[in-house]
Structures are given as C-alpha cells and as structure tokens.
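Participant: For reference, the structure I am asking about is given below.
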Amino acid sequence: MDHKLIPVEEAAQLLQIPLSRLKTQIRNNKVGSMRDGKTLCVPADFLHQAGGGWEFVPGLEGVMTVLIDAGFTHAEATVWLLEGDQNFPESPVLALLHGRKKEVNSYARSLAY
C-alpha cells in the first residue's frame, strides 16, 4: 500500500476547517486517517476539489460509519476505502468520487454479515 498522505494540519488548511474539527472527525471515525511515522495524515484520495475549494469525497463519512458498524477498526476501514478487497477490486473511494455511493454503501453493509 503506497498512498499519498497529507498531514492533518495541511488537510485542515486545504479544507478551510479548524484543525480541531478535523481531528474530532477522525477520532469519531467519520474520516479515515493513517500515520506516516508519527505524523497523523489523511489519504489524499479522500479529498477532491469542488467549487473552487477542497472537500472530502461525497459519501466518505457514511461509508466510514457503515464499516465501523460492521466491525472494522479505523485502520481497516481506511485501507478498505483505498484498496477494496477481492470482491470489490477497485478503490471504493474512487467509486464514491465517480458517483457510485449506493454501490459502495451496499457492498460495505454486506461486509457485516
């Protein structure tokens, strides 16, 4: 797994939100994160440009919630969103970016059973 990571301080600036808000979203499992050494980061694939600024990929928070409710850890949910699995072989976060929220949510819900 080799994904571009953005330190949370930089991500908060891009998103134009307080760092404390982003950290709360991460702590509450609404946004996936990873560590690069000791630095807490957000995967770059979780962000996209929209309306002249940056925002999280639409549907990301909902799928994170579904995965956590299905028993995934924060780290497992983050990796699954980036990489998928043998039955969802493409990147789920890219599928979300391309408007396939219903398909990604449906598959994520099936992982609980």
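Ligands are numbered from 1 in the order shown, residues from 1 within each chain, and chains are lettered A, B, ... in the order they appear in the structure tokens.
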Region 47-57 of chain A: which residues within 6 Å, counting only C-alpha atoms, same-chain residues fewer than 3 positions away excluded, as a tab-separated table (two decimals) with N, CA, C and O atoms, in the first residue's frame?
Facilitator:
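File produced: around-v3.tsv:
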chain	number	residue	atom	x	y	z
A	14	LEU	N	-6.36	22.99	3.65
A	14	LEU	CA	-6.98	22.80	2.33
A	14	LEU	C	-8.51	22.84	2.43
A	14	LEU	O	-9.19	23.42	1.58
A	15	LEU	N	-9.03	22.21	3.47
A	15	LEU	CA	-10.48	22.12	3.66
A	15	LEU	C	-11.06	23.40	4.26
A	15	LEU	O	-12.28	23.54	4.32
A	44	ALA	N	-4.68	11.39	0.58
A	44	ALA	CA	-5.01	12.42	-0.42
A	44	ALA	C	-6.24	12.03	-1.23
A	44	ALA	O	-7.02	12.90	-1.64
A	60	LEU	N	-18.05	9.72	1.87
A	60	LEU	CA	-16.96	9.13	2.66
A	60	LEU	C	-17.38	8.90	4.11
A	60	LEU	O	-17.19	7.80	4.64
A	97	LEU	N	-16.15	8.87	-5.56
A	97	LEU	CA	-15.86	10.10	-6.29
A	97	LEU	C	-16.58	10.13	-7.64
A	97	LEU	O	-16.98	11.18	-8.12
Participant: Would you please give, as a list in words, all residues of chain A that DSSP assigns to strand (DSSP E or B) based on the backbone?
Facilitator: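 Answer for chain A restricted to strand (DSSP E or B) is Leu5, Ile6, Pro7, Met34, Arg35, Asp36, Thr39, Leu40, Cys41, Val42, Pro43, Leu47, His48, Gln49, Ala50, Gly53, Trp54, Glu55, Phe56, Asp85 and Phe88 of chain A.
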Participant: Point out the residue among A:Pro7, A:Lys23, A:Ile68, A:Gln13 with the least atom-to-atom distance to Lys38 (chain A), counting only C-alpha atoms.
Facilitator: A:Pro7
Participant: Within 7 Å of Lys101 (chain A), counting only C-alpha atoms, which residues qualify if same-chain residues fewer than 4 places away don't, as an mmCIF file with C-alpha atoms, in the first residue's frame?
Facilitator:
data_model
loop_
_atom_site.group_PDB
_atom_site.id
_atom_site.type_symbol
_atom_site.label_atom_id
_atom_site.label_comp_id
_atom_site.auth_asym_id
_atom_site.auth_seq_id
_atom_site.Cartn_x
_atom_site.Cartn_y
_atom_site.Cartn_z
ATOM 1 C CA GLY A 59 -20.262 9.762 0.847
ATOM 2 C CA LEU A 96 -17.553 7.261 -4.442
ATOM 3 C CA ASN A 105 -22.568 1.562 0.685
#
Participant: Between CA of Ile26 (chain A) and CA of Ala95 (chain A), what distance in Å does the model show, to one decimal?
Facilitator: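 Separation between CA of Ile26 (chain A) and CA of Ala95 (chain A): 21.3 Å.
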Participant: Give the answer as one residue: which of A:Val42, A:Ala70, A:Val63, A:Ala77 has the shortest atom-to-atom distance to Val104 (chain A), using only C-alpha atoms?
Facilitator: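 Of all the options, A:Val63 lies closest to Val104 (chain A).
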Participant: Which residue gives the smallest distance to Gln25 (chain A) among A:Asp69, A:Ala11, A:Glu61, A:Asp45, with only C-alpha atoms counted?
Facilitator: A:Glu61
Participant: Excluding Asp36 (chain A) and any residue of its chain fewer than 4 positions from it, enumerate the residues within 9 Å of it, using only C-alpha atoms, and give them as number ranges by chain.
Facilitator: A: 5, 7, 40-41
Participant: At what distance in Å, to one decimal, does CA of Phe88 (chain A) lie from CA of Glu76 (chain A)?
Facilitator: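 The value is 14.7 Å.
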Participant: Within 9 Å of Leu82 (chain A), counting only C-alpha atoms, which residues qualify if same-chain residues fewer than 3 places away don't, as a JSON list (two decimals) with N, CA, C and O atoms, in the first residue's frame?
Facilitator:
[["chain", "number", "residue", "atom", "x", "y", "z"],
["A", 1, "MET", "N", 0.85, -1.16, 0.00],
["A", 1, "MET", "CA", 0.00, 0.00, 0.00],
["A", 1, "MET", "C", 0.90, 1.23, 0.00],
["A", 1, "MET", "O", 1.68, 1.44, 0.91],
["A", 3, "HIS", "N", 0.11, 5.06, -0.62],
["A", 3, "HIS", "CA", -0.84, 6.13, -0.92],
["A", 3, "HIS", "C", -0.26, 7.47, -0.46],
["A", 3, "HIS", "O", 0.40, 7.53, 0.57],
["A", 43, "PRO", "N", -5.44, 10.34, 3.86],
["A", 43, "PRO", "CA", -5.09, 9.96, 2.49],
["A", 43, "PRO", "C", -5.56, 11.03, 1.49],
["A", 43, "PRO", "O", -6.70, 11.51, 1.57],
["A", 45, "ASP", "N", -6.45, 10.73, -1.46],
["A", 45, "ASP", "CA", -7.60, 10.27, -2.24],
["A", 45, "ASP", "C", -8.93, 10.57, -1.56],
["A", 45, "ASP", "O", -9.98, 10.48, -2.19],
["A", 46, "PHE", "N", -8.91, 10.91, -0.27],
["A", 46, "PHE", "CA", -10.14, 11.24, 0.44],
["A", 46, "PHE", "C", -10.60, 12.67, 0.18],
["A", 46, "PHE", "O", -11.69, 13.05, 0.58],
["A", 77, "ALA", "N", -10.91, 0.19, 8.03],
["A", 77, "ALA", "CA", -11.86, 0.93, 7.20],
["A", 77, "ALA", "C", -11.13, 1.86, 6.24],
["A", 77, "ALA", "O", -11.48, 1.96, 5.06],
["A", 78, "THR", "N", -10.09, 2.53, 6.73],
["A", 78, "THR", "CA", -9.31, 3.43, 5.89],
["A", 78, "THR", "C", -8.67, 2.68, 4.73],
["A", 78, "THR", "O", -8.77, 3.09, 3.57],
["A", 79, "VAL", "N", -8.05, 1.55, 5.03],
["A", 79, "VAL", "CA", -7.39, 0.75, 3.99],
["A", 79, "VAL", "C", -8.42, 0.21, 3.01],
["A", 79, "VAL", "O", -8.21, 0.25, 1.79],
["A", 90, "GLU", "N", -11.73, -2.54, -7.05],
["A", 90, "GLU", "CA", -11.27, -1.18, -7.32],
["A", 90, "GLU", "C", -11.28, -0.38, -6.03],
["A", 90, "GLU", "O", -11.78, -0.83, -5.00],
["A", 91, "SER", "N", -10.77, 0.81, -6.07],
["A", 91, "SER", "CA", -10.75, 1.67, -4.90],
["A", 91, "SER", "C", -12.16, 2.18, -4.60],
["A", 91, "SER", "O", -12.74, 2.92, -5.40],
["A", 92, "PRO", "N", -12.75, 1.80, -3.46],
["A", 92, "PRO", "CA", -14.08, 2.29, -3.13],
["A", 92, "PRO", "C", -14.17, 3.81, -3.06],
["A", 92, "PRO", "O", -15.17, 4.39, -3.46],
["A", 93, "VAL", "N", -13.11, 4.48, -2.59],
["A", 93, "VAL", "CA", -13.18, 5.94, -2.50],
["A", 93, "VAL", "C", -13.23, 6.55, -3.90],
["A", 93, "VAL", "O", -13.92, 7.56, -4.12],
["A", 94, "LEU", "N", -12.57, 5.94, -4.87],
["A", 94, "LEU", "CA", -12.67, 6.45, -6.24],
["A", 94, "LEU", "C", -14.05, 6.17, -6.83],
["A", 94, "LEU", "O", -14.58, 6.98, -7.59]]
Participant: Can you list, as a PDB file with N, CA and C atoms, in the first residue's frame, every residue of chain A that DSSP puts in helix (DSSP H, G or I)?
Facilitator:
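See selection_5.pdb below for the written result:
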ATOM      1  N   VAL A   8      -2.474  16.171   8.785  1.00  0.00           N
ATOM      2  CA  VAL A   8      -3.777  16.741   9.141  1.00  0.00           C
ATOM      3  C   VAL A   8      -3.757  18.266   9.177  1.00  0.00           C
ATOM      4  N   GLU A   9      -2.632  18.859   9.552  1.00  0.00           N
ATOM      5  CA  GLU A   9      -2.561  20.321   9.584  1.00  0.00           C
ATOM      6  C   GLU A   9      -2.755  20.891   8.184  1.00  0.00           C
ATOM      7  N   GLU A  10      -2.112  20.282   7.202  1.00  0.00           N
ATOM      8  CA  GLU A  10      -2.244  20.725   5.812  1.00  0.00           C
ATOM      9  C   GLU A  10      -3.643  20.429   5.274  1.00  0.00           C
ATOM     10  N   ALA A  11      -4.177  19.260   5.616  1.00  0.00           N
ATOM     11  CA  ALA A  11      -5.528  18.897   5.166  1.00  0.00           C
ATOM     12  C   ALA A  11      -6.555  19.888   5.706  1.00  0.00           C
ATOM     13  N   ALA A  12      -6.428  20.266   6.971  1.00  0.00           N
ATOM     14  CA  ALA A  12      -7.360  21.232   7.566  1.00  0.00           C
ATOM     15  C   ALA A  12      -7.279  22.572   6.833  1.00  0.00           C
ATOM     16  N   GLN A  13      -6.081  22.977   6.463  1.00  0.00           N
ATOM     17  CA  GLN A  13      -5.924  24.226   5.711  1.00  0.00           C
ATOM     18  C   GLN A  13      -6.585  24.114   4.341  1.00  0.00           C
ATOM     19  N   LEU A  14      -6.363  22.994   3.647  1.00  0.00           N
ATOM     20  CA  LEU A  14      -6.983  22.800   2.334  1.00  0.00           C
ATOM     21  C   LEU A  14      -8.506  22.844   2.433  1.00  0.00           C
ATOM     22  N   LEU A  15      -9.033  22.206   3.468  1.00  0.00           N
ATOM     23  CA  LEU A  15     -10.478  22.123   3.660  1.00  0.00           C
ATOM     24  C   LEU A  15     -11.063  23.399   4.259  1.00  0.00           C
ATOM     25  N   LEU A  19      -8.303  22.778  12.642  1.00  0.00           N
ATOM     26  CA  LEU A  19      -7.618  21.503  12.867  1.00  0.00           C
ATOM     27  C   LEU A  19      -8.355  20.677  13.903  1.00  0.00           C
ATOM     28  N   SER A  20      -8.877  21.327  14.936  1.00  0.00           N
ATOM     29  CA  SER A  20      -9.599  20.595  15.989  1.00  0.00           C
ATOM     30  C   SER A  20     -10.819  19.875  15.420  1.00  0.00           C
ATOM     31  N   ARG A  21     -11.489  20.494  14.459  1.00  0.00           N
ATOM     32  CA  ARG A  21     -12.668  19.856  13.845  1.00  0.00           C
ATOM     33  C   ARG A  21     -12.262  18.613  13.068  1.00  0.00           C
ATOM     34  N   LEU A  22     -11.178  18.712  12.304  1.00  0.00           N
ATOM     35  CA  LEU A  22     -10.708  17.546  11.543  1.00  0.00           C
ATOM     36  C   LEU A  22     -10.297  16.422  12.478  1.00  0.00           C
ATOM     37  N   LYS A  23      -9.591  16.756  13.531  1.00  0.00           N
ATOM     38  CA  LYS A  23      -9.169  15.719  14.488  1.00  0.00           C
ATOM     39  C   LYS A  23     -10.378  15.066  15.161  1.00  0.00           C
ATOM     40  N   THR A  24     -11.421  15.856  15.427  1.00  0.00           N
ATOM     41  CA  THR A  24     -12.646  15.295  16.004  1.00  0.00           C
ATOM     42  C   THR A  24     -13.312  14.349  15.012  1.00  0.00           C
ATOM     43  N   GLN A  25     -13.358  14.733  13.734  1.00  0.00           N
ATOM     44  CA  GLN A  25     -13.940  13.861  12.708  1.00  0.00           C
ATOM     45  C   GLN A  25     -13.168  12.548  12.631  1.00  0.00           C
ATOM     46  N   ILE A  26     -11.853  12.609  12.735  1.00  0.00           N
ATOM     47  CA  ILE A  26     -11.028  11.400  12.705  1.00  0.00           C
ATOM     48  C   ILE A  26     -11.298  10.558  13.946  1.00  0.00           C
ATOM     49  N   ARG A  27     -11.275  11.194  15.107  1.00  0.00           N
ATOM     50  CA  ARG A  27     -11.498  10.480  16.368  1.00  0.00           C
ATOM     51  C   ARG A  27     -12.870   9.809  16.402  1.00  0.00           C
ATOM     52  N   ALA A  44      -4.679  11.392   0.580  1.00  0.00           N
ATOM     53  CA  ALA A  44      -5.010  12.417  -0.421  1.00  0.00           C
ATOM     54  C   ALA A  44      -6.238  12.027  -1.235  1.00  0.00           C
ATOM     55  N   ASP A  45      -6.445  10.730  -1.458  1.00  0.00           N
ATOM     56  CA  ASP A  45      -7.602  10.269  -2.238  1.00  0.00           C
ATOM     57  C   ASP A  45      -8.929  10.575  -1.560  1.00  0.00           C
ATOM     58  N   PHE A  46      -8.914  10.912  -0.273  1.00  0.00           N
ATOM     59  CA  PHE A  46     -10.145  11.237   0.442  1.00  0.00           C
ATOM     60  C   PHE A  46     -10.604  12.673   0.178  1.00  0.00           C
ATOM     61  N   LEU A  60     -18.046   9.724   1.865  1.00  0.00           N
ATOM     62  CA  LEU A  60     -16.964   9.128   2.655  1.00  0.00           C
ATOM     63  C   LEU A  60     -17.380   8.896   4.105  1.00  0.00           C
ATOM     64  N   GLU A  61     -17.984   9.902   4.725  1.00  0.00           N
ATOM     65  CA  GLU A  61     -18.376   9.786   6.128  1.00  0.00           C
ATOM     66  C   GLU A  61     -19.377   8.644   6.339  1.00  0.00           C
ATOM     67  N   GLY A  62     -20.344   8.531   5.441  1.00  0.00           N
ATOM     68  CA  GLY A  62     -21.346   7.475   5.568  1.00  0.00           C
ATOM     69  C   GLY A  62     -20.764   6.083   5.444  1.00  0.00           C
ATOM     70  N   VAL A  63     -19.849   5.900   4.504  1.00  0.00           N
ATOM     71  CA  VAL A  63     -19.237   4.579   4.330  1.00  0.00           C
ATOM     72  C   VAL A  63     -18.339   4.254   5.519  1.00  0.00           C
ATOM     73  N   MET A  64     -17.617   5.253   6.037  1.00  0.00           N
ATOM     74  CA  MET A  64     -16.807   5.012   7.245  1.00  0.00           C
ATOM     75  C   MET A  64     -17.706   4.511   8.374  1.00  0.00           C
ATOM     76  N   THR A  65     -18.863   5.139   8.555  1.00  0.00           N
ATOM     77  CA  THR A  65     -19.792   4.736   9.604  1.00  0.00           C
ATOM     78  C   THR A  65     -20.264   3.304   9.396  1.00  0.00           C
ATOM     79  N   VAL A  66     -20.616   2.968   8.161  1.00  0.00           N
ATOM     80  CA  VAL A  66     -21.065   1.603   7.849  1.00  0.00           C
ATOM     81  C   VAL A  66     -19.974   0.597   8.168  1.00  0.00           C
ATOM     82  N   LEU A  67     -18.741   0.891   7.778  1.00  0.00           N
ATOM     83  CA  LEU A  67     -17.628  -0.038   8.012  1.00  0.00           C
ATOM     84  C   LEU A  67     -17.332  -0.205   9.500  1.00  0.00           C
ATOM     85  N   ILE A  68     -17.351   0.894  10.242  1.00  0.00           N
ATOM     86  CA  ILE A  68     -17.114   0.813  11.692  1.00  0.00           C
ATOM     87  C   ILE A  68     -18.230  -0.002  12.342  1.00  0.00           C
ATOM     88  N   ASP A  69     -19.472   0.243  11.928  1.00  0.00           N
ATOM     89  CA  ASP A  69     -20.604  -0.527  12.460  1.00  0.00           C
ATOM     90  C   ASP A  69     -20.507  -1.999  12.090  1.00  0.00           C
ATOM     91  N   HIS A  74     -10.668   1.457  12.726  1.00  0.00           N
ATOM     92  CA  HIS A  74     -10.449   2.689  11.968  1.00  0.00           C
ATOM     93  C   HIS A  74      -9.436   2.441  10.845  1.00  0.00           C
ATOM     94  N   ALA A  75      -8.342   1.769  11.174  1.00  0.00           N
ATOM     95  CA  ALA A  75      -7.293   1.491  10.186  1.00  0.00           C
ATOM     96  C   ALA A  75      -7.804   0.577   9.076  1.00  0.00           C
ATOM     97  N   GLU A  76      -8.545  -0.460   9.430  1.00  0.00           N
ATOM     98  CA  GLU A  76      -9.085  -1.381   8.422  1.00  0.00           C
ATOM     99  C   GLU A  76     -10.053  -0.672   7.490  1.00  0.00           C
ATOM    100  N   ALA A  77     -10.908   0.194   8.028  1.00  0.00           N
ATOM    101  CA  ALA A  77     -11.861   0.934   7.205  1.00  0.00           C
ATOM    102  C   ALA A  77     -11.127   1.862   6.242  1.00  0.00           C
ATOM    103  N   THR A  78     -10.095   2.528   6.728  1.00  0.00           N
ATOM    104  CA  THR A  78      -9.313   3.432   5.887  1.00  0.00           C
ATOM    105  C   THR A  78      -8.669   2.677   4.735  1.00  0.00           C
ATOM    106  N   VAL A  79      -8.054   1.554   5.033  1.00  0.00           N
ATOM    107  CA  VAL A  79      -7.392   0.754   3.987  1.00  0.00           C
ATOM    108  C   VAL A  79      -8.424   0.214   3.008  1.00  0.00           C
ATOM    109  N   TRP A  80      -9.565  -0.274   3.497  1.00  0.00           N
ATOM    110  CA  TRP A  80     -10.576  -0.807   2.575  1.00  0.00           C
ATOM    111  C   TRP A  80     -11.068   0.281   1.630  1.00  0.00           C
ATOM    112  N   LEU A  81     -11.288   1.477   2.139  1.00  0.00           N
ATOM    113  CA  LEU A  81     -11.736   2.570   1.276  1.00  0.00           C
ATOM    114  C   LEU A  81     -10.724   2.872   0.178  1.00  0.00           C
ATOM    115  N   LEU A  82      -9.466   2.699   0.463  1.00  0.00           N
ATOM    116  CA  LEU A  82      -8.416   2.972  -0.525  1.00  0.00           C
ATOM    117  C   LEU A  82      -8.209   1.825  -1.502  1.00  0.00           C
ATOM    118  N   GLU A  83      -8.354   0.595  -1.016  1.00  0.00           N
ATOM    119  CA  GLU A  83      -7.949  -0.562  -1.818  1.00  0.00           C
ATOM    120  C   GLU A  83      -9.049  -1.550  -2.172  1.00  0.00           C
ATOM    121  N   PRO A  92     -12.746   1.800  -3.459  1.00  0.00           N
ATOM    122  CA  PRO A  92     -14.080   2.288  -3.127  1.00  0.00           C
ATOM    123  C   PRO A  92     -14.168   3.812  -3.063  1.00  0.00           C
ATOM    124  N   VAL A  93     -13.115   4.477  -2.589  1.00  0.00           N
ATOM    125  CA  VAL A  93     -13.178   5.936  -2.504  1.00  0.00           C
ATOM    126  C   VAL A  93     -13.229   6.553  -3.904  1.00  0.00           C
ATOM    127  N   LEU A  94     -12.569   5.943  -4.872  1.00  0.00           N
ATOM    128  CA  LEU A  94     -12.667   6.449  -6.244  1.00  0.00           C
ATOM    129  C   LEU A  94     -14.046   6.167  -6.830  1.00  0.00           C
ATOM    130  N   ALA A  95     -14.634   5.029  -6.457  1.00  0.00           N
ATOM    131  CA  ALA A  95     -16.014   4.748  -6.887  1.00  0.00           C
ATOM    132  C   ALA A  95     -16.959   5.804  -6.303  1.00  0.00           C
ATOM    133  N   LEU A  96     -16.743   6.194  -5.042  1.00  0.00           N
ATOM    134  CA  LEU A  96     -17.553   7.261  -4.442  1.00  0.00           C
ATOM    135  C   LEU A  96     -17.380   8.564  -5.219  1.00  0.00           C
ATOM    136  N   LEU A  97     -16.151   8.867  -5.563  1.00  0.00           N
ATOM    137  CA  LEU A  97     -15.862  10.097  -6.295  1.00  0.00           C
ATOM    138  C   LEU A  97     -16.576  10.125  -7.645  1.00  0.00           C
ATOM    139  N   LYS A 101     -22.058   5.955  -4.910  1.00  0.00           N
ATOM    140  CA  LYS A 101     -22.237   5.857  -3.465  1.00  0.00           C
ATOM    141  C   LYS A 101     -23.127   4.684  -3.071  1.00  0.00           C
ATOM    142  N   LYS A 102     -24.225   4.491  -3.777  1.00  0.00           N
ATOM    143  CA  LYS A 102     -25.156   3.413  -3.442  1.00  0.00           C
ATOM    144  C   LYS A 102     -24.468   2.047  -3.533  1.00  0.00           C
ATOM    145  N   GLU A 103     -23.698   1.822  -4.585  1.00  0.00           N
ATOM    146  CA  GLU A 103     -22.984   0.552  -4.766  1.00  0.00           C
ATOM    147  C   GLU A 103     -21.962   0.328  -3.647  1.00  0.00           C
ATOM    148  N   VAL A 104     -21.194   1.359  -3.317  1.00  0.00           N
ATOM    149  CA  VAL A 104     -20.172   1.232  -2.276  1.00  0.00           C
ATOM    150  C   VAL A 104     -20.829   0.990  -0.921  1.00  0.00           C
ATOM    151  N   ASN A 105     -21.865   1.753  -0.594  1.00  0.00           N
ATOM    152  CA  ASN A 105     -22.568   1.562   0.685  1.00  0.00           C
ATOM    153  C   ASN A 105     -23.189   0.179   0.782  1.00  0.00           C
ATOM    154  N   SER A 106     -23.794  -0.270  -0.283  1.00  0.00           N
ATOM    155  CA  SER A 106     -24.421  -1.585  -0.295  1.00  0.00           C
ATOM    156  C   SER A 106     -23.386  -2.683  -0.042  1.00  0.00           C
ATOM    157  N   TYR A 107     -22.274  -2.590  -0.718  1.00  0.00           N
ATOM    158  CA  TYR A 107     -21.229  -3.601  -0.523  1.00  0.00           C
ATOM    159  C   TYR A 107     -20.672  -3.507   0.895  1.00  0.00           C
ATOM    160  N   ALA A 108     -20.421  -2.294   1.379  1.00  0.00           N
ATOM    161  CA  ALA A 108     -19.889  -2.135   2.733  1.00  0.00           C
ATOM    162  C   ALA A 108     -20.857  -2.726   3.770  1.00  0.00           C
ATOM    163  N   ARG A 109     -22.160  -2.522   3.581  1.00  0.00           N
ATOM    164  CA  ARG A 109     -23.143  -3.119   4.512  1.00  0.00           C
ATOM    165  C   ARG A 109     -23.081  -4.640   4.484  1.00  0.00           C
ATOM    166  N   SER A 110     -22.817  -5.214   3.324  1.00  0.00           N
ATOM    167  CA  SER A 110     -22.762  -6.677   3.223  1.00  0.00           C
ATOM    168  C   SER A 110     -21.573  -7.261   3.975  1.00  0.00           C
TER     169      SER A 110
END
Participant: Can you tell me how far CA of Asn87 (chain A) sits from CA of Leu111 (chain A), in Å to one decimal?
Facilitator: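 Distance between the two atoms: 10.5 Å.
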